[in-house]
$ cat my_file_25.cif   # mmCIF, C-alpha atoms and all ligand atoms
data_run
#
loop_
_atom_site.label_atom_id
_atom_site.label_comp_id
_atom_site.auth_asym_id
_atom_site.auth_seq_id
_atom_site.Cartn_x
_atom_site.Cartn_y
_atom_site.Cartn_z
CA MET A 20 -23.25 -38.57 4.96
CA ASN A 21 -20.33 -37.59 2.80
CA THR A 22 -17.98 -40.38 1.97
CA GLY A 23 -15.03 -38.03 2.55
CA ARG A 24 -15.05 -35.63 5.44
CA CYS A 25 -13.69 -32.14 4.90
CA ALA A 26 -10.31 -31.25 6.38
CA ALA A 27 -11.93 -29.45 9.31
CA CYS A 28 -14.21 -32.32 10.31
CA LYS A 29 -11.41 -34.79 9.88
CA TYR A 30 -9.20 -32.68 12.12
CA LEU A 31 -11.96 -32.22 14.70
CA ARG A 32 -12.84 -35.93 14.45
CA ARG A 33 -16.48 -35.26 13.83
CA ARG A 34 -19.03 -36.21 11.25
CA CYS A 35 -19.04 -33.83 8.26
CA PRO A 36 -22.62 -32.62 7.82
CA VAL A 37 -24.03 -32.11 4.34
CA ASP A 38 -24.19 -28.35 4.97
CA CYS A 39 -20.77 -28.22 6.67
CA ILE A 40 -19.59 -24.61 6.77
CA PHE A 41 -15.96 -25.64 6.29
CA SER A 42 -16.41 -28.25 3.61
CA PRO A 43 -16.30 -26.02 0.48
CA TYR A 44 -13.22 -24.14 1.67
CA PHE A 45 -11.19 -26.78 3.45
CA PRO A 46 -10.97 -29.83 1.22
CA PRO A 47 -9.55 -33.02 2.74
CA THR A 48 -6.76 -32.91 0.17
CA ASN A 49 -5.18 -29.98 2.04
CA PRO A 50 -5.26 -30.74 5.79
CA HIS A 51 -2.50 -28.20 6.42
CA ARG A 52 -4.78 -25.38 5.37
CA PHE A 53 -7.30 -26.05 8.11
CA ALA A 54 -4.65 -26.86 10.69
CA SER A 55 -3.06 -23.42 10.20
CA VAL A 56 -6.32 -21.52 10.43
CA HIS A 57 -7.41 -23.53 13.46
CA ARG A 58 -4.12 -22.95 15.21
CA ILE A 59 -4.32 -19.17 14.87
CA PHE A 60 -8.03 -18.37 14.96
CA GLY A 61 -9.66 -21.47 16.41
CA ALA A 62 -12.09 -23.64 14.47
CA SER A 63 -15.22 -22.22 16.05
CA ASN A 64 -14.19 -18.62 15.33
CA VAL A 65 -13.43 -19.51 11.73
CA GLY A 66 -16.80 -21.21 11.43
CA LYS A 67 -18.56 -18.17 12.92
CA MET A 68 -16.72 -15.77 10.63
CA LEU A 69 -17.64 -17.76 7.55
CA GLN A 70 -21.24 -18.12 8.74
CA GLN A 71 -21.62 -14.35 9.06
CA LEU A 72 -20.62 -13.75 5.47
CA PRO A 73 -22.70 -14.03 2.33
CA VAL A 74 -21.84 -17.26 0.52
CA HIS A 75 -20.09 -15.55 -2.39
CA LEU A 76 -17.54 -13.93 -0.04
CA ARG A 77 -16.72 -17.00 2.01
CA GLY A 78 -14.15 -18.43 -0.37
CA GLU A 79 -12.09 -15.28 -0.33
CA ALA A 80 -12.49 -14.92 3.44
CA ALA A 81 -11.22 -18.47 3.96
CA GLU A 82 -8.29 -17.71 1.68
CA THR A 83 -7.50 -14.54 3.62
CA LEU A 84 -7.75 -16.29 6.98
CA TYR A 85 -5.38 -18.93 5.73
CA TYR A 86 -2.97 -16.31 4.43
CA GLU A 87 -3.02 -14.38 7.69
CA ALA A 88 -2.63 -17.56 9.71
CA GLN A 89 0.37 -18.58 7.63
CA CYS A 90 1.98 -15.18 8.13
CA ARG A 91 1.37 -15.32 11.86
CA ILE A 92 2.86 -18.80 12.11
CA GLU A 93 5.92 -17.76 10.13
CA ASN A 94 6.31 -14.48 11.98
CA PRO A 95 4.64 -14.75 15.40
CA VAL A 96 5.52 -11.19 16.33
CA HIS A 97 4.44 -9.23 13.27
CA GLY A 98 2.35 -11.58 11.15
CA CYS A 99 1.13 -9.85 8.00
CA VAL A 100 2.37 -6.51 9.32
CA GLY A 101 5.94 -7.69 8.77
CA ILE A 102 5.23 -8.11 5.08
CA ILE A 103 3.32 -4.84 4.84
CA THR A 104 6.22 -3.01 6.49
CA GLN A 105 8.66 -4.63 4.12
CA LEU A 106 6.55 -3.61 1.12
CA HIS A 107 6.31 -0.05 2.44
CA GLU A 108 10.08 0.03 2.63
CA GLU A 109 10.30 -1.20 -0.94
CA ILE A 110 7.88 1.53 -2.03
CA ASN A 111 9.95 4.13 -0.20
CA ASN A 112 13.14 2.91 -1.81
CA ALA A 113 11.53 2.86 -5.25
CA GLU A 114 10.22 6.40 -4.74
CA GLN A 115 13.64 7.64 -3.69
CA GLU A 116 15.20 5.93 -6.68
CA LEU A 117 12.60 7.53 -8.92
CA ALA A 118 13.27 10.96 -7.43
CA ARG A 119 17.01 10.52 -8.03
CA ALA A 120 16.38 9.33 -11.57
CA GLN A 121 14.10 12.26 -12.30
CA ALA A 122 16.67 14.66 -10.91
CA GLN A 123 19.28 13.09 -13.14
CA LEU A 124 16.92 13.28 -16.09
CA ALA A 125 16.32 16.96 -15.43
CA VAL A 126 20.07 17.57 -15.49
CA HIS A 127 20.53 15.79 -18.78
CA GLN A 128 17.46 17.13 -20.54
CA PRO A 129 17.95 20.79 -21.53
CA HIS A 130 14.48 22.24 -21.16
CA HIS A 131 10.86 22.23 -22.03
CA HIS A 132 10.99 22.39 -25.81
CA HIS A 133 13.55 19.68 -26.04
CA HIS A 134 12.80 18.47 -29.55
CA GLN A 135 12.43 21.91 -31.01
CA GLN A 136 15.74 22.91 -29.49
CA GLU A 137 17.37 19.85 -30.97
CA ILE A 138 16.06 20.73 -34.40
CA GLU A 139 17.24 24.31 -34.04
CA GLU A 140 20.62 23.15 -32.84
CA ALA A 141 20.90 20.76 -35.75
CA VAL A 142 20.07 23.57 -38.13
CA THR A 143 22.36 26.15 -36.57
CA GLY A 144 25.04 23.62 -35.69
CA GLU A 145 25.10 24.71 -32.07
CA GLY A 146 25.15 21.78 -29.69
CA ALA A 147 23.91 23.08 -26.38
CA GLU A 148 23.76 19.67 -24.72
CA PRO A 149 26.93 18.89 -22.81
CA MET A 150 28.01 15.51 -24.05
CA VAL A 151 29.69 13.14 -21.68
CA PRO A 152 32.24 10.81 -23.33
CA GLY A 153 30.42 8.23 -25.38
CA ASP A 154 26.71 8.72 -25.52
CA HIS A 155 26.50 8.36 -21.80
CA ALA A 156 23.97 11.14 -21.34
CA GLN A 157 21.57 9.55 -23.77
CA GLU A 158 22.07 6.15 -22.24
CA VAL A 159 21.24 7.51 -18.83
CA ALA A 160 18.24 9.33 -20.20
CA ALA A 161 16.96 6.17 -21.88
CA GLU A 162 17.52 4.17 -18.71
CA VAL A 163 15.77 6.77 -16.63
CA ALA A 164 12.86 6.90 -19.03
CA GLY A 165 12.55 3.15 -18.66
CA ASN A 166 12.60 3.42 -14.88
CA VAL A 167 9.97 6.10 -14.89
CA GLU A 168 7.67 3.96 -17.00
CA ASP A 169 8.14 0.93 -14.77
CA SER A 170 7.60 2.84 -11.58
CA ASP A 171 4.11 3.76 -12.68
CA GLN A 172 3.13 0.18 -12.22
CA ASN A 173 5.05 -0.55 -9.03
CA GLU A 174 2.66 1.54 -7.04
CA PHE A 175 -0.36 -0.45 -8.08
CA ASP A 176 1.20 -3.88 -8.13
CA ILE A 177 1.33 -3.86 -4.33
CA ALA A 178 -2.29 -4.90 -4.22
CA ALA A 179 -1.51 -7.79 -6.49
CA LEU A 180 1.44 -8.79 -4.33
CA MET A 181 -0.69 -8.77 -1.25
CA SER A 182 -3.47 -10.73 -2.86
CA PRO A 183 -4.10 -13.86 -0.80
CA SER A 184 -5.01 -15.71 -3.97
CA ASP A 185 -1.40 -15.51 -5.10
CA PRO A 186 -0.31 -19.11 -4.68
CA ASP A 187 3.35 -18.13 -4.42
CA TRP A 188 2.78 -17.02 -0.87
CA PHE A 189 1.67 -20.38 0.30
CA TYR A 190 3.95 -22.94 -1.15
ZN ZN A 201 -16.89 -30.71 7.32
#
$ encode --input "my_file_25.cif" --output "structure tokens"
Amino acid sequence: MNTGRCAACKYLRRRCPVDCIFSPYFPPTNPHRFASVHRIFGASNVGKMLQQLPVHLRGEAAETLYYEAQCRIENPVHGCVGIITQLHEEINNAEQELARAQAQLAVHQPHHHHHQQEIEEAVTGEGAEPMVPGDHAQEVAAEVAGNVEDSDQNEFDIAALMSPSDPDWFY
């Protein structure tokens, strides 16, 4: 018999068998983790779910169950969906911001052969670009270019944000 029971067996006040299904994923050092999962899914369901999975997926499954349980406890109505909805809203806002920025960029950038035009203008001395006081147009363009670069990543970082292995969600 193990000297220390796992969090699940401790909680359920039972002996922790050597091949305990919970033991690798619910260490006694974190009783809260099992309590949450038990409260939402029920210990026997959690055990069954883990049992049905190949061993190499159980750790991640336990992590996901814990994450979902936490969300459900914090937001009994929406659970994880609340967070997903919120992230969708953020994506929408970012996309709208990007569209506005691109529209602005289109206004400030003359046309396709931007650099060639600039060279020609420099040579002929004709400045076709309407300059706002200061170098505002260029500032905006630089800012917009920065936004456009960043937004590329926003779309794919959602998966990272949702990752149950992100410890920021739990503590
Ligand atoms: Zn156990």
$ residues_around --input "my_file_25.cif" --residues "Met68 in chain A" --least-positions-apart "5" --cutoff "10 Å" --atoms "all atoms listed in the file" --output "list in words"
Ala62, Ser63, Arg77, Ala80, Ala81 and Leu84 of chain A
$ residues_near_ligand --input "my_file_25.cif" --ligand "ligand ZN 201 (chain A)" --cutoff "12 Å" --atoms "all atoms listed in the file" --output "ChimeraX atom specification"
/A:20-47,50,53,62,66
$ atom_distance --input "my_file_25.cif" --atom1 "CA of Asn94 in chain A" --atom2 "CA of Glu108 in chain A"
17.7 Å
$ atom_distance --input "my_file_25.cif" --atom1 "CA of Thr83 in chain A" --atom2 "CA of Phe60 in chain A"
12.0 Å
$ atom_distance --input "my_file_25.cif" --atom1 "CA of Pro95 in chain A" --atom2 "CA of Glu79 in chain A"
23.0 Å
$ closest_residue --input "my_file_25.cif" --among "A:Gly78, A:Gln89, A:Pro73, A:Gln115" --to "Val56 in chain A" --atoms "all atoms listed in the file"
A:Gln89
$ closest_residue --input "my_file_25.cif" --among "A:Leu117, A:Val96, A:Val65, A:Leu106" --to "Glu82 in chain A" --atoms "all atoms listed in the file"
A:Val65
$ residues_around --input "my_file_25.cif" --residues "Arg91 in chain A" --least-positions-apart "4" --cutoff "12 Å" --atoms "all atoms listed in the file" --output "JSON, numbers by chain"
{"A": [55, 56, 58, 59, 60, 84, 85, 86, 87, 95, 96, 97, 98, 99, 100, 101, 102]}
$ axis_aligned_box --input "my_file_25.cif" --around "range 116-125 of chain A" --padding-each-side "4 Å" --output "lines of an AutoDock Vina configuration file"
center_x = 15.9
center_y = 11.4
center_z = -11.4
size_x = 14.7
size_y = 19.0
size_z = 17.4
